[in-house]
Protein chains: 4
Amino acid sequence: MAKLRMGLVGGGEGAFIGAVHRMAAELDGQIELACGAFSSDPEGSRRAGVEIYGIPQARSYGSYQEMIDVEKALPEDRRMHFVVIAVPNHVHYPVAKMALENGFHVMSDKPVTFDLTEARALAKLTEESGLLFGLTHNYTGYPMIKEARRLIAEGALGSVRRVVAEYLQGWLARRIEGEGQKQAGWRTDPTKAGAAGCMGDIGTHAENLLEYVTGRKIASLCADLTTFVGGRGLDDDGNVLLRLDNGAKGVLFASQISAGEENALKLRVYGERGGLEWSQMEPNTLIVRWLDAPAEIRRTGGPEMGEAAERGTRLPAGHPEGFLEAFANLYGNYARALRAHLDERSPDPGDLDFPTITEGVRGMEFIDAVVESSRRNSVWIDLPQ
Amino acid sequence: MAKLRMGLVGGGEGAFIGAVHRMAAELDGQIELACGAFSSDPEGSRRAGVEIYGIPQARSYGSYQEMIDVEKALPEDRRMHFVVIAVPNHVHYPVAKMALENGFHVMSDKPVTFDLTEARALAKLTEESGLLFGLTHNYTGYPMIKEARRLIAEGALGSVRRVVAEYLQGWLARRIEGEGQKQAGWRTDPTKAGAAGCMGDIGTHAENLLEYVTGRKIASLCADLTTFVGGRGLDDDGNVLLRLDNGAKGVLFASQISAGEENALKLRVYGERGGLEWSQMEPNTLIVRWLDAPAEIRRTGGPEMGEAAERGTRLPAGHPEGFLEAFANLYGNYARALRAHLDERSPDPGDLDFPTITEGVRGMEFIDAVVESSRRNSVWIDLPQ
Amino acid sequence: MAKLRMGLVGGGEGAFIGAVHRMAAELDGQIELACGAFSSDPEGSRRAGVEIYGIPQARSYGSYQEMIDVEKALPEDRRMHFVVIAVPNHVHYPVAKMALENGFHVMSDKPVTFDLTEARALAKLTEESGLLFGLTHNYTGYPMIKEARRLIAEGALGSVRRVVAEYLQGWLARRIEGEGQKQAGWRTDPTKAGAAGCMGDIGTHAENLLEYVTGRKIASLCADLTTFVGGRGLDDDGNVLLRLDNGAKGVLFASQISAGEENALKLRVYGERGGLEWSQMEPNTLIVRWLDAPAEIRRTGGPEMGEAAERGTRLPAGHPEGFLEAFANLYGNYARALRAHLDERSPDPGDLDFPTITEGVRGMEFIDAVVESSRRNSVWIDLPQ
Amino acid sequence: MAKLRMGLVGGGEGAFIGAVHRMAAELDGQIELACGAFSSDPEGSRRAGVEIYGIPQARSYGSYQEMIDVEKALPEDRRMHFVVIAVPNHVHYPVAKMALENGFHVMSDKPVTFDLTEARALAKLTEESGLLFGLTHNYTGYPMIKEARRLIAEGALGSVRRVVAEYLQGWLARRIEGEGQKQAGWRTDPTKAGAAGCMGDIGTHAENLLEYVTGRKIASLCADLTTFVGGRGLDDDGNVLLRLDNGAKGVLFASQISAGEENALKLRVYGERGGLEWSQMEPNTLIVRWLDAPAEIRRTGGPEMGEAAERGTRLPAGHPEGFLEAFANLYGNYARALRAHLDERSPDPGDLDFPTITEGVRGMEFIDAVVESSRRNSVWIDLPQ
């Protein structure tokens, strides 16, 4: 079966997430990087295609507009199937819009757009287009996250009462954006990142993970954002009180100035009969605690895994699967759903288990609420339900 | 050297903390349980003294009033030196008051009183009496907590920016107070526990630990308390946003309905150059993370410990010291300070490292602020500075 | 009920284990240190009694002989009940012999004697005397060790197949006995420690723990001992292959030159249907793994504990109990068994759960076998069954 | 730059390691699976190529002989560059031999051959051919293993004294080879696996890891192998005493009947000044302990990593890299070395950091020694130096 062809926007020199997209997308042999526009500088873009990604000159484009125009004109059996968007936030919308309007499916980085208005416009465009829109809230790709979601959905823990969603990093503890660090540069620039810094970049991951695992929505929140590093234009740390739609309560906090932390995304959920704990840095373990029985260590590839987790597991238990494999799980479901779409058949329901424009809009609603609450000295703000 | 004599109020049948006080107080051979009033029921009280504690009939009193009256009349070399208060919150104040007024030093459970008014009155009484008042915020007795405090005080982490103080338990996930569980009974009864349930019982420990370790004060807070279990009269869960007096931010959360959690008190503090993490359930380990160097595992009895930690360490590294040993460290300093007082000499400054009425008042201020903020839908409330 | 009175031999200045004995013995209020002979130097011995232990001058003896002689002459209601032996190995036998011959019960440090001949003589003496002989293989006092033993005895894991018993320390990685370190001094001196160094001091703990938990005996072993540090007279490291009496296999290794290790005693046992893992440095956790189900985290004070573990648990789950508490559990059972003996009634069977001269002889058999195997270039040596 | 083309032998239906080879080889965009012979059944082989791997019919061969013959005749710019051998042990030699004799480079599974005679013949063939022979001792591909090796090579720990190499699995705790489990089938069959079962399959990984990290050779060993599961033809568990060429001592143990264990490969090494510990199931962490300073947690992507580790790290710290990424690191170095070979230039020395036929012969020497020692009731057997 021929591979699905992706066109990558972003991922030029100094980028990190572009290479991640390629490795993750290609991991299962379903997708190949066929073309790309890797940089806003046409020369750099073409060079990156050939030198970094080994793509033929002809399909290493100078811009995403060129890519879409030229690919559209290619015969169907060579033309790319979908566009991957791995550029700073403010460019997400124009790329996605042009892709959709020209009939290309989309897989985009998060947060989905620069602001909520764009996100809603994109949702409308996506719906009208009938095309597939995927969003790389990649942390939901971990098998143990699927397990956590399943246990809660099946009622094993009883009704959810308390959540703790946290995401601590330390890499912005100093003003490295002033030293030319590209990743830090746009993420701390309000004209590129949007209304939130840390909360947009990683807070949204915590929000998405929490809603995905619990199956509940944040009903309202009360936030306090801070910019600790002088001269920085956006929040680099924030704390949020949460009320969920079923009466559960919780906290969500995210930080990029927690010196010494690497990428500490962690989720805890407590229900009436038990609780669970998952940490991204040891992703193959899910601790499940019970009110009246010993806690359990559930493991990727181990006993009693459900179908969604099985589908995202490539190796026997004890052979650690990591960030790339979880990322690849999003692409795996996306690819299967896309094949069903191309074949004009209904996808397997399990294949639809990837974040879409819906989660994208949700993330922007979260950002808006957090920023507004913080601006108004932490009043409670309701989120759309 | 003769042992210091303590009189225990509380700790009768069904109690847990009374035995803890005895074991902790006596551990280092400085103190002996000399007498007590163990229950509000005179018969039960006398029986407990003889049968549980092996105290002579004559000093197993029927009430604390009797104990204080009779002990006061004993010759100085037999009379108890101090009163330990291990009863429900609403009885703390009358016992402490009577003890102080009759010349007895006091070691009391926390929270220090039923409400802030009582706490302030007690502070005044204590000051006027010139007697020693200790408060069993026992978690500050752990050597690794002393180390955490030292590292921050010495500036190793730079200025503190973010804190996470959490205390999760699950034992009140069901309405066990309705089944005659004594510990649950008074803790969930607003006429005995005070204005807060979970936040008073364990939230104050988290507050105390945070202020002790960081050396900073909570400047203001924004709280959301919840009662999850139907029919319960006080909060059993709560989340709090914090602003510290130096501009640091953070969260504090406490819960007694986090099903499956045992006694998960945990503190994380991040400064400009590094962060630290401590967990009460593995208390002999302190993780110290650095912005530019590998994280360290500092250990009770291990290399590079400071004096306060050394003083609270009885065993070589790798011989776990636990809850009782930490509790005993409070008594150790208290006993040394008390001996100095009795000898009319200045105590070693290190001996004054135990919580006092000052921390007691602070805890009540915290409770008041948390309850008020929550009642007013999470407005920011300033704490006295 | 009056406390049992102990007389401590050893524990003078610079010792560590003497204080441990006092704290552990007294922890539960059943025993009090009544007298002692703390040093081989009569002056130092008397001074230590008064200054370190707060014992009256009259019962701070100049030698163990004096202690036994004088105490024997005291009226029964003041006389010590038992002698605690906390001195270097070569002194165990004479003290124990004299104590038994004069009608005193004994609690002794391990290894029980200098050599196997002495151990067997002591076993005979003990039997003839009808007195209680306890041995401080204190690590079997941990509640989770009791649980491990129970799970295996009840057949939960099926027949035992593989064991890994390890005990790694690093404190002798340098020749600190040359610098006057007292603890290191006698332990590395073949005239005081016996035929083995590391294997006698801590290897025997691993052996005892393994036989206690599995309920199986070592049938034969094959050992390779090493002295890594120049100028040292005894092994400081050793590796042993094991064959158990039911056909199970395993390894036992112990080291005091594993630089950076603190006190890493660890046991793993695998049966047909599952395995378990326990680590002394996190003693309140027992990991139980299953062939077909998620692993479990069993915890001191947690759900599903058996009676022997319950009996050794003082605090609710999550309040860490450590080395002293486990040590105290040996004394607790010993004290209850001793009271039954004094009252001339049958002890509760659970009270007999403490190591005795039988385990003492076993340890000496182990030492003999290990030393002989190593001397003969690791031939298999059978142990008595 | 065009990708290197690999031809895969093995990896048909029911196999696991074939897919691993494809994912690992292709991860970094340097290699593509060009052709293969996936099964000993010609029909199944051709079908697997098309259906599992998406390879064109023409290059999905019916046998490895056919593959080598046909590929050899292809023009150089289409012909495969190297053969990957992922079949049961007894087939390694004939495939490798034919590949080398026809000018194809080789990447082979371990143990390298069925027996030592074949291994030595293959070493000779490899040398004569001048071709590249890689061996998938994939666990040496982990960045933290490179770090461990570097720290020891640079002398940070001082001279190595003690090692503990262990590899525990539980999947063969029952006789699943009797239920048609393919992986278990050949591994427990002495006509396919060779002289050792568990020791050959995973014991060799432990041996390789130990010699790689310490830079020392096993001088002699003393082994005790066991077959616990009735009806099984090879050892499923074994314990080995080790003496290294510098006087260090240690143990190596491996088991496939340790019920409940997943894939617990773990290495500990202690030198004069410190020790280190690494566990495959949490591969991004290396604990480094020091005699006189707090232990360190070194992390993939974290501070102070050396060049070999950097080269094998794709993601920022805290983004877990797992089994496939480590496996891919072998392919990465192999691919770079192969390109240098094809370009007739000297490889970067770092590119030669992958296991070769030398490590393959070493593994067979280890198997031979272990089996002989065990057969002779655990006599010490010297290994070639």
# chains A, B, ... in the order shown; residues from 1 in each chain; ligands from 1

call {"tool": "select_by_dssp", "arguments": {"residues": "range 15-170 of chain B", "states": "strand (DSSP E)", "output": "PyMOL selection string"}}
result
chain B and resi 31-37+82-86+105-108+133-135+160-168

call {"tool": "residues_around", "arguments": {"residues": "range 41-47 of chain B", "least_positions_apart": "4", "cutoff": "8 Å", "atoms": "only C-alpha atoms", "output": "PDB file with N, CA and C atoms, in the first residue's frame"}}
result
ATOM      1  N   GLY B  12      -6.477   9.072  74.848  1.00  0.00           N
ATOM      2  CA  GLY B  12      -7.171   7.901  75.387  1.00  0.00           C
ATOM      3  C   GLY B  12      -7.488   6.886  74.302  1.00  0.00           C
ATOM      4  N   ALA B  37      -4.177  13.308  81.584  1.00  0.00           N
ATOM      5  CA  ALA B  37      -5.646  13.262  81.639  1.00  0.00           C
ATOM      6  C   ALA B  37      -6.033  12.892  80.219  1.00  0.00           C
ATOM      7  N   GLU B  51      -3.607   1.587  82.098  1.00  0.00           N
ATOM      8  CA  GLU B  51      -3.564   0.444  81.204  1.00  0.00           C
ATOM      9  C   GLU B  51      -2.818   0.698  79.897  1.00  0.00           C
ATOM     10  N   ILE B  52      -3.011   1.850  79.336  1.00  0.00           N
ATOM     11  CA  ILE B  52      -2.316   2.118  78.070  1.00  0.00           C
ATOM     12  C   ILE B  52      -0.904   2.629  78.318  1.00  0.00           C
ATOM     13  N   GLN B  57      -1.580   4.969  89.220  1.00  0.00           N
ATOM     14  CA  GLN B  57      -2.956   5.405  89.477  1.00  0.00           C
ATOM     15  C   GLN B  57      -3.007   6.866  89.925  1.00  0.00           C
ATOM     16  N   SER B  60      -2.736   9.337  87.084  1.00  0.00           N
ATOM     17  CA  SER B  60      -3.682   9.194  85.977  1.00  0.00           C
ATOM     18  C   SER B  60      -4.941   9.938  86.378  1.00  0.00           C
ATOM     19  N   TYR B  61      -5.038  11.165  85.891  1.00  0.00           N
ATOM     20  CA  TYR B  61      -6.078  12.052  86.404  1.00  0.00           C
ATOM     21  C   TYR B  61      -7.384  11.897  85.641  1.00  0.00           C
ATOM     22  N   GLY B  62      -8.456  12.377  86.278  1.00  0.00           N
ATOM     23  CA  GLY B  62      -9.768  12.281  85.663  1.00  0.00           C
ATOM     24  C   GLY B  62     -10.081  13.437  84.732  1.00  0.00           C
ATOM     25  N   SER B  63      -9.296  14.501  84.837  1.00  0.00           N
ATOM     26  CA  SER B  63      -9.525  15.662  83.956  1.00  0.00           C
ATOM     27  C   SER B  63      -8.244  16.492  83.927  1.00  0.00           C
TER      28      SER B  63
END

call {"tool": "closest_residue", "arguments": {"among": "A:Val379, A:Ile85, A:Ile218, A:Cys198", "to": "chain B", "atoms": "only C-alpha atoms"}}
result
A:Val379

call {"tool": "residues_around", "arguments": {"residues": "Gly332 in chain A", "least_positions_apart": "6", "cutoff": "9 Å", "atoms": "only C-alpha atoms", "output": "PyMOL selection string"}}
result
chain A and resi 24-25+27-28+30-31+312+351

call {"tool": "closest_residue", "arguments": {"among": "D:Met80, D:Met364, D:Ile287, D:Ile55", "to": "chain B", "atoms": "only C-alpha atoms"}}
result
D:Ile287

call {"tool": "interface_residues", "arguments": {"of": "chain A", "to": "chain B", "cutoff": "6 Å", "atoms": "only C-alpha atoms", "output": "PyMOL selection string"}}
result
chain A and resi 258-260+270+273-275+289-291

call {"tool": "atom_distance", "arguments": {"atom1": "CA of Thr191 in chain A", "atom2": "CA of Pro355 in chain A"}}
result
25.6 Å

call {"tool": "residues_around", "arguments": {"residues": "Ile381 in chain D", "least_positions_apart": "4", "cutoff": "8 Å", "atoms": "only C-alpha atoms", "output": "VMD selection string"}}
result
chain D and resid 220 to 222 369 to 370 372 to 373

call {"tool": "select_by_dssp", "arguments": {"residues": "range 30-84 of chain B", "states": "alpha helix (DSSP H)", "output": "ChimeraX atom specification"}}
result
/B:42-51,64-73

call {"tool": "write_last_selection", "arguments": {"atoms": "C-alpha atoms", "output": "compact mmCIF listing (two decimals), in the first residue's frame"}}
result
# COMPACT_ATOMS: atom_id res chain seq x y z
CA PRO B 42 -12.93 10.68 84.11
CA GLU B 43 -13.18 6.92 84.45
CA GLY B 44 -11.84 6.28 80.97
CA SER B 45 -9.12 8.80 81.55
CA ARG B 46 -7.84 7.12 84.70
CA ARG B 47 -8.05 3.67 83.15
CA ALA B 48 -6.12 4.74 80.07
CA GLY B 49 -3.31 6.12 82.19
CA VAL B 50 -2.79 2.87 83.98
CA GLU B 51 -3.56 0.44 81.20
CA TYR B 64 -6.95 18.18 82.84
CA GLN B 65 -8.16 20.56 85.49
CA GLU B 66 -7.47 17.95 88.14
CA MET B 67 -4.09 17.24 86.63
CA ILE B 68 -3.03 20.85 86.71
CA ASP B 69 -4.33 21.42 90.21
CA VAL B 70 -2.74 18.34 91.71
CA GLU B 71 0.55 18.59 89.84
CA LYS B 72 0.92 22.22 90.83
CA ALA B 73 0.81 21.14 94.46

call {"tool": "atom_distance", "arguments": {"atom1": "CA of Lys217 in chain C", "atom2": "CA of Ala254 in chain C"}}
result
18.5 Å

call {"tool": "residues_around", "arguments": {"residues": "Gly11 in chain C", "least_positions_apart": "2", "cutoff": "6 Å", "atoms": "only C-alpha atoms", "output": "PyMOL selection string"}}
result
chain C and resi 15+18+38

call {"tool": "atom_distance", "arguments": {"atom1": "CA of Arg5 in chain B", "atom2": "CA of Asn333 in chain C"}}
result
27.8 Å

call {"tool": "residues_around", "arguments": {"residues": "Ala121 in chain A", "least_positions_apart": "5", "cutoff": "10 Å", "atoms": "only C-alpha atoms", "output": "ChimeraX atom specification"}}
result
/A:93,97,113,116,126-127,361

call {"tool": "write_last_selection", "arguments": {"atoms": "C-alpha atoms", "output": "mmCIF file, in the first residue's frame"}}
result
data_model
loop_
_atom_site.group_PDB
_atom_site.id
_atom_site.type_symbol
_atom_site.label_atom_id
_atom_site.label_comp_id
_atom_site.auth_asym_id
_atom_site.auth_seq_id
_atom_site.Cartn_x
_atom_site.Cartn_y
_atom_site.Cartn_z
ATOM 1 C CA TYR A 93 -3.978 30.193 10.466
ATOM 2 C CA LYS A 97 -6.585 28.237 5.610
ATOM 3 C CA THR A 113 -4.030 29.640 15.998
ATOM 4 C CA LEU A 116 -9.740 32.480 19.337
ATOM 5 C CA THR A 126 -12.632 22.799 8.308
ATOM 6 C CA GLU A 127 -16.228 21.827 8.612
ATOM 7 C CA VAL A 361 -10.789 25.805 19.587
#

call {"tool": "residues_around", "arguments": {"residues": "range 100-110 of chain D", "least_positions_apart": "3", "cutoff": "9 Å", "atoms": "only C-alpha atoms", "output": "ChimeraX atom specification"}}
result
/D:68-69,72,80-89,92,95-97,113,125-126,129,131-137,200-201,204-205,331,334,338,356,360,363
